[in-house]
Amino acid sequence: MQAGSRPNSTAGPAGSAPGPGGPGAGSGGAGIGPSSPAAGATSTATGATVPVTDPAAGPADAATGATGIATGPEDPIVIVGGGFGGLYTALALAERPPHPPLLLIEPRERFLFLPLLYELLSGELRQWEVAPRYDQLLAGRGIAWLQDRVERIEAPARRLHTRGGHTLRYRRLVIASGGSSTSFGVPGADRHCLGFRSLTDVGRLQALVADLARRRRPLQRLAVVGAGPTGVELACKLADLCAGSAIIELIEQGPRPLPQARAFNREQAELALQRRDVRLRCHTTVVEVEADRLRLRHRPAPDPAGRAAASASPSAGNPSACSPPAGDLAGSDELLTVQGVIWTAGLCFRPPALQPEPSRDRLGRLRCEASLRLQGEDAIFVAGDLAALEAEEGVPLPSSAQVAFQQAPLLAENLRRSLRGEPLQDFHWQDLGEMLSLGRQEASLSSSGLTLAGRAAFRLRQLAYLTRMPGLPHTVRVATGWLADWGR
Ligand SMILES: Cc1cc2nc3c(=O)[nH]c(=O)nc-3n(C[C@H](O)[C@H](O)[C@H](O)COP(=O)(O)OP(=O)(O)OC[C@H]3O[C@@H](n4cnc5c(N)ncnc54)[C@H](O)[C@@H]3O)c2cc1C
């Protein structure tokens, strides 16, 4: 899994503005399982039982605390968000019975293994492998699932409110609601750009690719904004999918792609982009997006170091290489006709409203102690991208599945310790290396002195992710499917 923060490059002006809502996120209020819940203790779609109020009874009276919810030791550990941080923490807690009731609140129907989204787009992997359903993942594990969205948390009352009208008390709370994309307020971006974070995004992009292949007009173009890992990996996959039907433009406002990647992976990525004729434009900012065109601003290289860095790369001299715009282009605007734009730059955080207001870092993430406990709160913990935690050397941890995956068992242990009143343990991140998907059947990886690229790296990457799949039954199902595919 990547070490670097994911959408870590930006192609828009500095500053922030509300980006598109979490794409693909459900509307919440979908209820808890097939039948309407009764007030008090109720079952969810996964068969586990937790105390939940009846949404039909309306939201609880915040002033009197009249919630009709069980209180005390039977209140559940509630986990908000079923991504890498939340789901894997719930699974780690469930591994060691007896445990207090566990409730996962997540609006989507399916967990999404985001690092494999490119392979879902290309059809190299199937939806059930990359996006298993929560009811199947959690069945028989003693974890209840409420398909809803948490909107508000009252820390002093240990109580939360959902969009669907549920009010719940918790004994311990884990907030793992992750981040969402932001287009930095670039005019037209929210309206016209596709994202790449959800199943809906994948479906839209597949439809666009199929449309371009059908029309086969000359000079069809797709633009990918941001040459961080997501932008680079997506550009490679799209170039393979659109070969012969569209040109892929990769737009980056910085001097080079993958600024935080390891040297080997960056070199492999630059070569992969060149082989696919992806047009990499660095020092280029998207200033406006319209339905069928982009306004780009080419900027001169900010300093000689930037130029040196770009020209030292293996792509120097290649027409598709990322180099500062030459001569008359520098400092000018260009209109680029496009059939579609996919925005991958920028990550912002909009967790549920928390009272009292927590301390946040400049990205809006919640500041935590090394134990992952929210600063100033006894009963609230934070996991995954949303947790602002200083690494030992003072460098913030990357926003990555690798970090969230490592946090989960430690957080589960700290939740148990916190319930027993024991001292908590500190989280120490171990950088296990970095892997990139670089087109169909191609990848690059760099880990503890080992570097590998090409088809072997693609397989090794798949195997590494197999060991990270949520839960043994799903892992076995996926492994069986892959073995059958590879045997053909
Ligand atoms: C395309 C792509 C590829 C990636 N590839 C890699 C990779 O190769 N390696 C790597 O290490 N990292 C990768 N990442 C980053 C990685 O996926 C994230 O760092 C990781 O998912 C963070 O986990 P999380 O649990 O914090 O958030 P998420 O996985 O985003 O999960 C958050 C969950 O919370 C839910 N939620 C949000 N708000 C609420 C609410 N109010 N109430 C209830 N639920 C809510 C959401 O529906 C979501 O399911 C990639 C990211 C993307 C987008």
# chains A, B, ... in the order shown; residues from 1 in each chain; ligands from 1

$ select_by_dssp --residues "stretch 327-471 of chain A" --states "helix (DSSP H, G or I)" --output "number ranges by chain"
A: 327-329, 384-386, 401-420, 455-466

$ write_last_selection --atoms "N, CA and C atoms" --output "compact mmCIF listing (two decimals), in the first residue's frame"
# COMPACT_ATOMS: atom_id res chain seq x y z
N GLY A 327 9.29 28.56 -23.33
CA GLY A 327 9.19 29.88 -23.96
C GLY A 327 7.86 30.56 -23.81
N ASP A 328 7.17 30.73 -24.97
CA ASP A 328 5.98 31.57 -24.98
C ASP A 328 4.80 30.95 -24.23
N LEU A 329 4.84 29.64 -23.97
CA LEU A 329 3.72 29.02 -23.25
C LEU A 329 3.70 29.41 -21.77
N GLY A 384 -7.82 6.16 10.89
CA GLY A 384 -7.73 6.36 9.45
C GLY A 384 -7.32 7.77 9.06
N ASP A 385 -7.72 8.17 7.87
CA ASP A 385 -7.30 9.45 7.31
C ASP A 385 -7.66 10.63 8.22
N LEU A 386 -8.74 10.49 8.98
CA LEU A 386 -9.23 11.62 9.78
C LEU A 386 -8.36 11.89 11.01
N ALA A 401 -4.28 3.69 3.25
CA ALA A 401 -4.91 2.48 3.77
C ALA A 401 -3.92 1.72 4.65
N GLN A 402 -2.65 1.81 4.27
CA GLN A 402 -1.62 1.11 5.04
C GLN A 402 -1.60 1.59 6.49
N VAL A 403 -1.69 2.89 6.68
CA VAL A 403 -1.70 3.44 8.04
C VAL A 403 -2.97 2.99 8.77
N ALA A 404 -4.13 3.15 8.11
CA ALA A 404 -5.41 2.79 8.76
C ALA A 404 -5.41 1.31 9.13
N PHE A 405 -4.90 0.48 8.24
CA PHE A 405 -4.86 -0.97 8.47
C PHE A 405 -4.02 -1.29 9.71
N GLN A 406 -2.89 -0.59 9.86
CA GLN A 406 -2.03 -0.83 11.03
C GLN A 406 -2.65 -0.28 12.31
N GLN A 407 -3.45 0.78 12.17
CA GLN A 407 -4.05 1.37 13.38
C GLN A 407 -5.11 0.45 14.00
N ALA A 408 -5.81 -0.30 13.14
CA ALA A 408 -6.99 -1.03 13.60
C ALA A 408 -6.73 -1.96 14.80
N PRO A 409 -5.72 -2.87 14.76
CA PRO A 409 -5.53 -3.76 15.91
C PRO A 409 -5.11 -3.01 17.17
N LEU A 410 -4.29 -1.97 16.99
CA LEU A 410 -3.85 -1.18 18.15
C LEU A 410 -5.05 -0.46 18.77
N LEU A 411 -5.90 0.07 17.90
CA LEU A 411 -7.07 0.79 18.40
C LEU A 411 -8.02 -0.16 19.12
N ALA A 412 -8.20 -1.36 18.57
CA ALA A 412 -9.05 -2.35 19.22
C ALA A 412 -8.51 -2.65 20.61
N GLU A 413 -7.20 -2.83 20.72
CA GLU A 413 -6.59 -3.11 22.01
C GLU A 413 -6.78 -1.92 22.97
N ASN A 414 -6.60 -0.70 22.46
CA ASN A 414 -6.77 0.47 23.32
C ASN A 414 -8.21 0.65 23.78
N LEU A 415 -9.17 0.27 22.94
CA LEU A 415 -10.57 0.34 23.36
C LEU A 415 -10.81 -0.63 24.52
N ARG A 416 -10.26 -1.84 24.42
CA ARG A 416 -10.40 -2.81 25.51
C ARG A 416 -9.75 -2.27 26.77
N ARG A 417 -8.53 -1.73 26.62
CA ARG A 417 -7.81 -1.20 27.78
C ARG A 417 -8.57 -0.04 28.41
N SER A 418 -9.10 0.81 27.56
CA SER A 418 -9.82 1.97 28.08
C SER A 418 -11.05 1.53 28.88
N LEU A 419 -11.72 0.48 28.43
CA LEU A 419 -12.88 -0.01 29.18
C LEU A 419 -12.47 -0.62 30.52
N ARG A 420 -11.25 -1.18 30.54
CA ARG A 420 -10.78 -1.78 31.81
C ARG A 420 -10.06 -0.76 32.68
N ARG A 455 4.84 -7.22 -14.88
CA ARG A 455 3.75 -8.17 -14.61
C ARG A 455 3.94 -8.89 -13.27
N ALA A 456 5.22 -9.22 -12.94
CA ALA A 456 5.46 -9.90 -11.67
C ALA A 456 5.05 -9.00 -10.50
N ALA A 457 5.35 -7.71 -10.64
CA ALA A 457 4.97 -6.76 -9.59
C ALA A 457 3.44 -6.66 -9.49
N PHE A 458 2.78 -6.76 -10.63
CA PHE A 458 1.31 -6.70 -10.64
C PHE A 458 0.73 -7.85 -9.82
N ARG A 459 1.28 -9.05 -10.03
CA ARG A 459 0.79 -10.23 -9.30
C ARG A 459 1.12 -10.12 -7.81
N LEU A 460 2.35 -9.67 -7.53
CA LEU A 460 2.77 -9.54 -6.12
C LEU A 460 1.90 -8.52 -5.40
N ARG A 461 1.57 -7.46 -6.09
CA ARG A 461 0.70 -6.43 -5.50
C ARG A 461 -0.67 -7.04 -5.18
N GLN A 462 -1.18 -7.83 -6.12
CA GLN A 462 -2.48 -8.46 -5.88
C GLN A 462 -2.41 -9.39 -4.66
N LEU A 463 -1.31 -10.17 -4.59
CA LEU A 463 -1.16 -11.09 -3.46
C LEU A 463 -1.06 -10.33 -2.14
N ALA A 464 -0.31 -9.21 -2.17
CA ALA A 464 -0.17 -8.41 -0.95
C ALA A 464 -1.55 -7.91 -0.50
N TYR A 465 -2.38 -7.49 -1.44
CA TYR A 465 -3.71 -7.00 -1.07
C TYR A 465 -4.64 -8.14 -0.63
N LEU A 466 -4.38 -9.33 -1.17
CA LEU A 466 -5.19 -10.48 -0.75
C LEU A 466 -5.08 -10.67 0.77

$ residues_around --residues "A:Asp378" --least-positions-apart "3" --cutoff "9 Å" --atoms "only C-alpha atoms" --output "ChimeraX atom specification"
/A:172,373-375,381,418

$ residues_around --residues "stretch 224-232 of chain A" --least-positions-apart "5" --cutoff "10 Å" --atoms "only C-alpha atoms" --output "PyMOL selection string"
chain A and resi 2+4-12+115+117-118+183+193-197+237-238+248-254+256-261+266+269-270+272-273+278+280-282+284-286+340-346+435-439

$ atom_distance --atom1 "atom 9 (N, counted along the ligand's line) of ligand 1" --atom2 "atom CA of A:Gly449"
18.5 Å

$ residues_around --residues "A:Ala157" --least-positions-apart "3" --cutoff "9 Å" --atoms "only C-alpha atoms" --output "compact mmCIF listing (two decimals) with N, CA and C atoms, in the first residue's frame"
# COMPACT_ATOMS: atom_id res chain seq x y z
N GLY A 65 -32.42 14.77 27.46
CA GLY A 65 -31.73 13.49 27.32
C GLY A 65 -32.70 12.34 27.26
N ILE A 153 -22.54 14.64 17.13
CA ILE A 153 -22.08 13.88 18.31
C ILE A 153 -22.05 14.83 19.50
N GLU A 154 -22.69 14.42 20.59
CA GLU A 154 -22.62 15.21 21.83
C GLU A 154 -21.70 14.46 22.78
N LEU A 160 -25.02 10.24 20.06
CA LEU A 160 -24.91 10.72 18.67
C LEU A 160 -26.26 10.66 17.97
N ARG A 169 -26.71 6.11 22.37
CA ARG A 169 -25.65 6.34 23.34
C ARG A 169 -24.51 5.37 23.04

$ closest_residue --among "A:Gln268, A:Ser180, A:Gln147, A:Thr167" --to "A:Leu452" --atoms "only C-alpha atoms"
A:Gln268

$ closest_residue --among "A:Leu199, A:Ala223, A:Leu137, A:Leu363" --to "A:Leu112" --atoms "only C-alpha atoms"
A:Leu199

$ closest_residue --among "A:Leu222, A:Ala246, A:Ala90, A:Ala383" --to "ligand 1" --atoms "only C-alpha atoms and all ligand atoms"
A:Ala383

$ closest_residue --among "A:Leu208, A:Met469, A:Leu372, A:Leu483" --to "A:Val130" --atoms "only C-alpha atoms"
A:Met469

$ closest_residue --among "A:Leu91, A:Leu389, A:Leu125, A:Leu114" --to "A:Gly481" --atoms "only C-alpha atoms"
A:Leu125

$ closest_residue --among "A:Arg133, A:Arg214, A:Arg350, A:Arg158" --to "ligand 1" --atoms "only C-alpha atoms and all ligand atoms"
A:Arg350

$ select_by_dssp --residues "stretch 102-236 of chain A" --states "strand (DSSP E or B)" --output "ChimeraX atom specification"
/A:102-105,110,133,143-146,150-154,159-162,167-169,172-175,180-181,194,221-225

$ write_last_selection --atoms "C-alpha atoms" --output "short mmCIF file (atom, residue, chain, number, x, y, z; two decimals), in the first residue's frame"
data_model
loop_
_atom_site.label_atom_id
_atom_site.label_comp_id
_atom_site.auth_asym_id
_atom_site.auth_seq_id
_atom_site.Cartn_x
_atom_site.Cartn_y
_atom_site.Cartn_z
CA LEU A 102 -20.37 -3.46 18.61
CA LEU A 103 -22.19 -1.19 16.20
CA LEU A 104 -20.83 -0.02 12.86
CA ILE A 105 -22.63 2.97 11.33
CA ARG A 110 -20.48 -2.11 0.29
CA ARG A 133 -21.36 -6.14 0.92
CA ILE A 143 -21.04 -6.69 14.81
CA ALA A 144 -24.29 -4.83 14.21
CA TRP A 145 -24.51 -2.55 11.18
CA LEU A 146 -26.69 0.52 10.95
CA VAL A 150 -23.86 10.15 11.69
CA GLU A 151 -24.53 13.88 11.69
CA ARG A 152 -23.92 15.07 15.23
CA ILE A 153 -22.08 13.88 18.31
CA GLU A 154 -22.62 15.21 21.83
CA ARG A 159 -24.69 10.41 22.45
CA LEU A 160 -24.91 10.72 18.67
CA HIS A 161 -27.59 11.52 16.14
CA THR A 162 -27.95 10.09 12.64
CA THR A 167 -30.23 8.71 18.58
CA LEU A 168 -27.71 6.43 20.22
CA ARG A 169 -25.65 6.34 23.34
CA ARG A 172 -16.78 4.29 23.41
CA LEU A 173 -16.87 5.96 20.01
CA VAL A 174 -14.51 5.58 17.06
CA ILE A 175 -14.76 8.24 14.36
CA SER A 180 -13.53 13.35 0.53
CA SER A 181 -12.21 15.09 -2.56
CA LEU A 194 -15.83 13.12 -12.35
CA ARG A 221 -9.30 13.64 -24.93
CA LEU A 222 -9.70 12.78 -21.26
CA ALA A 223 -7.95 14.93 -18.67
CA VAL A 224 -6.87 13.66 -15.27
CA VAL A 225 -6.20 16.48 -12.79
#

$ atom_distance --atom1 "atom CA of A:Leu445" --atom2 "atom CA of A:Cys242"
24.7 Å

$ atom_distance --atom1 "atom 44 (N, counted along the ligand's line) of ligand 1" --atom2 "atom CA of A:Ile79"
8.5 Å

$ residues_around --residues "A:Arg477" --least-positions-apart "5" --cutoff "10 Å" --atoms "only C-alpha atoms" --output "PyMOL selection string"
chain A and resi 128-129+472+482

$ write_last_selection --atoms "N, CA and C atoms" --output "short mmCIF file (atom, residue, chain, number, x, y, z; two decimals), in the first residue's frame"
data_model
loop_
_atom_site.label_atom_id
_atom_site.label_comp_id
_atom_site.auth_asym_id
_atom_site.auth_seq_id
_atom_site.Cartn_x
_atom_site.Cartn_y
_atom_site.Cartn_z
N TRP A 128 -17.65 -7.90 -6.67
CA TRP A 128 -17.78 -8.58 -5.38
C TRP A 128 -16.42 -8.76 -4.70
N GLU A 129 -15.34 -8.76 -5.50
CA GLU A 129 -14.01 -8.91 -4.91
C GLU A 129 -13.53 -7.61 -4.27
N LEU A 472 -11.60 -13.56 6.94
CA LEU A 472 -11.12 -14.79 6.29
C LEU A 472 -12.08 -15.30 5.21
N TRP A 482 -9.21 -15.89 -7.83
CA TRP A 482 -7.98 -15.49 -8.52
C TRP A 482 -7.19 -16.71 -8.98
#

$ decode --residues "stretch 172-310 of chain A" --atoms "C-alpha atoms" --output "PDB file, in the first residue's frame"
ATOM      1  CA  ARG A 172     -16.777   4.292  23.414  1.00  0.00           C
ATOM      2  CA  LEU A 173     -16.868   5.963  20.011  1.00  0.00           C
ATOM      3  CA  VAL A 174     -14.508   5.584  17.063  1.00  0.00           C
ATOM      4  CA  ILE A 175     -14.759   8.238  14.359  1.00  0.00           C
ATOM      5  CA  ALA A 176     -13.371   6.879  11.085  1.00  0.00           C
ATOM      6  CA  SER A 177     -15.337   8.802   8.483  1.00  0.00           C
ATOM      7  CA  GLY A 178     -12.327   9.372   6.215  1.00  0.00           C
ATOM      8  CA  GLY A 179     -11.955  12.241   3.766  1.00  0.00           C
ATOM      9  CA  SER A 180     -13.531  13.348   0.528  1.00  0.00           C
ATOM     10  CA  SER A 181     -12.209  15.094  -2.560  1.00  0.00           C
ATOM     11  CA  THR A 182     -12.047  18.828  -2.902  1.00  0.00           C
ATOM     12  CA  SER A 183     -11.640  20.838  -6.074  1.00  0.00           C
ATOM     13  CA  PHE A 184     -10.393  23.931  -4.205  1.00  0.00           C
ATOM     14  CA  GLY A 185     -13.237  26.090  -5.481  1.00  0.00           C
ATOM     15  CA  VAL A 186     -12.020  25.977  -9.111  1.00  0.00           C
ATOM     16  CA  PRO A 187     -14.992  27.322 -11.106  1.00  0.00           C
ATOM     17  CA  GLY A 188     -16.953  24.554 -12.825  1.00  0.00           C
ATOM     18  CA  ALA A 189     -14.946  21.712 -11.280  1.00  0.00           C
ATOM     19  CA  ASP A 190     -17.632  20.343  -8.944  1.00  0.00           C
ATOM     20  CA  ARG A 191     -20.198  20.511 -11.726  1.00  0.00           C
ATOM     21  CA  HIS A 192     -18.246  19.025 -14.615  1.00  0.00           C
ATOM     22  CA  CYS A 193     -15.530  16.765 -13.188  1.00  0.00           C
ATOM     23  CA  LEU A 194     -15.832  13.121 -12.352  1.00  0.00           C
ATOM     24  CA  GLY A 195     -14.248  11.842  -9.147  1.00  0.00           C
ATOM     25  CA  PHE A 196     -12.516   8.547  -8.499  1.00  0.00           C
ATOM     26  CA  ARG A 197     -13.450   7.347  -5.015  1.00  0.00           C
ATOM     27  CA  SER A 198     -16.687   5.366  -5.325  1.00  0.00           C
ATOM     28  CA  LEU A 199     -18.510   2.670  -7.278  1.00  0.00           C
ATOM     29  CA  THR A 200     -20.651   5.386  -8.844  1.00  0.00           C
ATOM     30  CA  ASP A 201     -17.477   7.116 -10.087  1.00  0.00           C
ATOM     31  CA  VAL A 202     -16.249   3.830 -11.583  1.00  0.00           C
ATOM     32  CA  GLY A 203     -19.581   3.252 -13.347  1.00  0.00           C
ATOM     33  CA  ARG A 204     -19.596   6.764 -14.829  1.00  0.00           C
ATOM     34  CA  LEU A 205     -16.031   6.474 -16.025  1.00  0.00           C
ATOM     35  CA  GLN A 206     -16.668   3.061 -17.607  1.00  0.00           C
ATOM     36  CA  ALA A 207     -19.643   4.538 -19.468  1.00  0.00           C
ATOM     37  CA  LEU A 208     -17.508   7.446 -20.698  1.00  0.00           C
ATOM     38  CA  VAL A 209     -14.722   5.133 -21.878  1.00  0.00           C
ATOM     39  CA  ALA A 210     -17.259   2.954 -23.721  1.00  0.00           C
ATOM     40  CA  ASP A 211     -18.786   6.055 -25.303  1.00  0.00           C
ATOM     41  CA  LEU A 212     -15.400   7.300 -26.551  1.00  0.00           C
ATOM     42  CA  ALA A 213     -14.631   3.860 -28.001  1.00  0.00           C
ATOM     43  CA  ARG A 214     -17.986   3.829 -29.811  1.00  0.00           C
ATOM     44  CA  ARG A 215     -17.648   7.318 -31.285  1.00  0.00           C
ATOM     45  CA  ARG A 216     -13.968   7.123 -32.233  1.00  0.00           C
ATOM     46  CA  ARG A 217     -13.831  10.770 -33.288  1.00  0.00           C
ATOM     47  CA  PRO A 218     -10.389  12.188 -33.972  1.00  0.00           C
ATOM     48  CA  LEU A 219      -8.574  13.894 -31.086  1.00  0.00           C
ATOM     49  CA  GLN A 220     -10.847  12.789 -28.284  1.00  0.00           C
ATOM     50  CA  ARG A 221      -9.301  13.644 -24.928  1.00  0.00           C
ATOM     51  CA  LEU A 222      -9.696  12.777 -21.260  1.00  0.00           C
ATOM     52  CA  ALA A 223      -7.953  14.927 -18.674  1.00  0.00           C
ATOM     53  CA  VAL A 224      -6.867  13.664 -15.268  1.00  0.00           C
ATOM     54  CA  VAL A 225      -6.196  16.475 -12.791  1.00  0.00           C
ATOM     55  CA  GLY A 226      -3.437  15.858 -10.249  1.00  0.00           C
ATOM     56  CA  ALA A 227      -0.353  13.662 -10.738  1.00  0.00           C
ATOM     57  CA  GLY A 228      -0.267  12.174  -7.243  1.00  0.00           C
ATOM     58  CA  PRO A 229      -0.585   8.371  -6.970  1.00  0.00           C
ATOM     59  CA  THR A 230      -4.305   8.301  -7.832  1.00  0.00           C
ATOM     60  CA  GLY A 231      -3.846  10.540 -10.883  1.00  0.00           C
ATOM     61  CA  VAL A 232      -0.836   8.640 -12.218  1.00  0.00           C
ATOM     62  CA  GLU A 233      -2.342   5.185 -11.655  1.00  0.00           C
ATOM     63  CA  LEU A 234      -5.646   6.240 -13.169  1.00  0.00           C
ATOM     64  CA  ALA A 235      -3.974   7.861 -16.183  1.00  0.00           C
ATOM     65  CA  CYS A 236      -2.064   4.643 -16.947  1.00  0.00           C
ATOM     66  CA  LYS A 237      -5.184   2.490 -16.661  1.00  0.00           C
ATOM     67  CA  LEU A 238      -7.264   4.916 -18.747  1.00  0.00           C
ATOM     68  CA  ALA A 239      -4.569   5.071 -21.409  1.00  0.00           C
ATOM     69  CA  ASP A 240      -4.778   1.282 -21.754  1.00  0.00           C
ATOM     70  CA  LEU A 241      -8.564   1.316 -21.802  1.00  0.00           C
ATOM     71  CA  CYS A 242      -8.756   4.178 -24.313  1.00  0.00           C
ATOM     72  CA  ALA A 243      -5.920   3.065 -26.581  1.00  0.00           C
ATOM     73  CA  GLY A 244      -6.878   4.169 -30.094  1.00  0.00           C
ATOM     74  CA  SER A 245      -9.924   6.152 -28.977  1.00  0.00           C
ATOM     75  CA  ALA A 246      -8.686   8.972 -26.739  1.00  0.00           C
ATOM     76  CA  ILE A 247      -5.582  10.808 -25.620  1.00  0.00           C
ATOM     77  CA  ILE A 248      -4.984  11.054 -21.873  1.00  0.00           C
ATOM     78  CA  GLU A 249      -3.756  14.375 -20.489  1.00  0.00           C
ATOM     79  CA  LEU A 250      -2.346  14.389 -16.957  1.00  0.00           C
ATOM     80  CA  ILE A 251      -2.241  17.845 -15.430  1.00  0.00           C
ATOM     81  CA  GLU A 252      -0.078  18.743 -12.473  1.00  0.00           C
ATOM     82  CA  GLN A 253       0.623  22.128 -10.999  1.00  0.00           C
ATOM     83  CA  GLY A 254       3.888  21.024  -9.375  1.00  0.00           C
ATOM     84  CA  PRO A 255       7.206  20.384 -11.121  1.00  0.00           C
ATOM     85  CA  ARG A 256       6.897  16.602 -11.318  1.00  0.00           C
ATOM     86  CA  PRO A 257       4.520  13.701 -10.785  1.00  0.00           C
ATOM     87  CA  LEU A 258       4.486  11.679  -7.558  1.00  0.00           C
ATOM     88  CA  PRO A 259       6.500  14.160  -5.493  1.00  0.00           C
ATOM     89  CA  GLN A 260       6.438  11.910  -2.416  1.00  0.00           C
ATOM     90  CA  ALA A 261       7.032   8.576  -4.122  1.00  0.00           C
ATOM     91  CA  ARG A 262      10.178   6.513  -3.866  1.00  0.00           C
ATOM     92  CA  ALA A 263      12.669   7.128  -6.683  1.00  0.00           C
ATOM     93  CA  PHE A 264      12.260   3.666  -8.244  1.00  0.00           C
ATOM     94  CA  ASN A 265       8.483   3.889  -8.343  1.00  0.00           C
ATOM     95  CA  ARG A 266       8.549   7.412  -9.735  1.00  0.00           C
ATOM     96  CA  GLU A 267      10.911   6.349 -12.513  1.00  0.00           C
ATOM     97  CA  GLN A 268       8.732   3.336 -13.345  1.00  0.00           C
ATOM     98  CA  ALA A 269       5.654   5.529 -13.334  1.00  0.00           C
ATOM     99  CA  GLU A 270       7.238   8.078 -15.674  1.00  0.00           C
ATOM    100  CA  LEU A 271       8.256   5.291 -18.047  1.00  0.00           C
ATOM    101  CA  ALA A 272       4.767   3.776 -17.891  1.00  0.00           C
ATOM    102  CA  LEU A 273       3.218   7.149 -18.732  1.00  0.00           C
ATOM    103  CA  GLN A 274       5.598   7.635 -21.650  1.00  0.00           C
ATOM    104  CA  ARG A 275       4.958   4.156 -23.058  1.00  0.00           C
ATOM    105  CA  ARG A 276       1.256   4.958 -23.111  1.00  0.00           C
ATOM    106  CA  ASP A 277       1.705   8.434 -24.617  1.00  0.00           C
ATOM    107  CA  VAL A 278       0.065  10.069 -21.643  1.00  0.00           C
ATOM    108  CA  ARG A 279       0.615  13.815 -21.998  1.00  0.00           C
ATOM    109  CA  LEU A 280       2.018  14.942 -18.712  1.00  0.00           C
ATOM    110  CA  ARG A 281       1.790  18.698 -18.210  1.00  0.00           C
ATOM    111  CA  CYS A 282       3.608  19.982 -15.145  1.00  0.00           C
ATOM    112  CA  HIS A 283       3.634  23.562 -13.796  1.00  0.00           C
ATOM    113  CA  THR A 284       0.096  23.712 -15.134  1.00  0.00           C
ATOM    114  CA  THR A 285      -2.927  24.797 -13.125  1.00  0.00           C
ATOM    115  CA  VAL A 286      -6.559  24.181 -13.992  1.00  0.00           C
ATOM    116  CA  VAL A 287      -8.255  27.556 -13.518  1.00  0.00           C
ATOM    117  CA  GLU A 288     -11.711  26.764 -14.910  1.00  0.00           C
ATOM    118  CA  VAL A 289     -13.685  23.739 -16.056  1.00  0.00           C
ATOM    119  CA  GLU A 290     -16.489  23.907 -18.615  1.00  0.00           C
ATOM    120  CA  ALA A 291     -18.624  21.097 -20.029  1.00  0.00           C
ATOM    121  CA  ASP A 292     -16.249  20.393 -22.907  1.00  0.00           C
ATOM    122  CA  ARG A 293     -13.065  22.289 -22.167  1.00  0.00           C
ATOM    123  CA  LEU A 294     -10.520  23.240 -19.557  1.00  0.00           C
ATOM    124  CA  ARG A 295      -8.802  26.545 -19.054  1.00  0.00           C
ATOM    125  CA  LEU A 296      -5.184  25.852 -18.121  1.00  0.00           C
ATOM    126  CA  ARG A 297      -2.614  28.289 -16.854  1.00  0.00           C
ATOM    127  CA  HIS A 298       0.982  27.452 -17.595  1.00  0.00           C
ATOM    128  CA  ARG A 299       3.355  28.745 -15.009  1.00  0.00           C
ATOM    129  CA  PRO A 300       7.084  29.221 -15.275  1.00  0.00           C
ATOM    130  CA  ALA A 301       9.085  26.833 -13.090  1.00  0.00           C
ATOM    131  CA  PRO A 302       9.169  28.410  -9.629  1.00  0.00           C
ATOM    132  CA  ASP A 303      12.872  27.840  -9.054  1.00  0.00           C
ATOM    133  CA  PRO A 304      15.871  26.286 -10.737  1.00  0.00           C
ATOM    134  CA  ALA A 305      15.639  23.256  -8.417  1.00  0.00           C
ATOM    135  CA  GLY A 306      12.287  22.419  -9.973  1.00  0.00           C
ATOM    136  CA  ARG A 307      13.774  22.504 -13.456  1.00  0.00           C
ATOM    137  CA  ALA A 308      16.707  20.419 -12.390  1.00  0.00           C
ATOM    138  CA  ALA A 309      14.416  17.871 -10.796  1.00  0.00           C
ATOM    139  CA  ALA A 310      12.283  17.584 -13.894  1.00  0.00           C
TER     140      ALA A 310
END
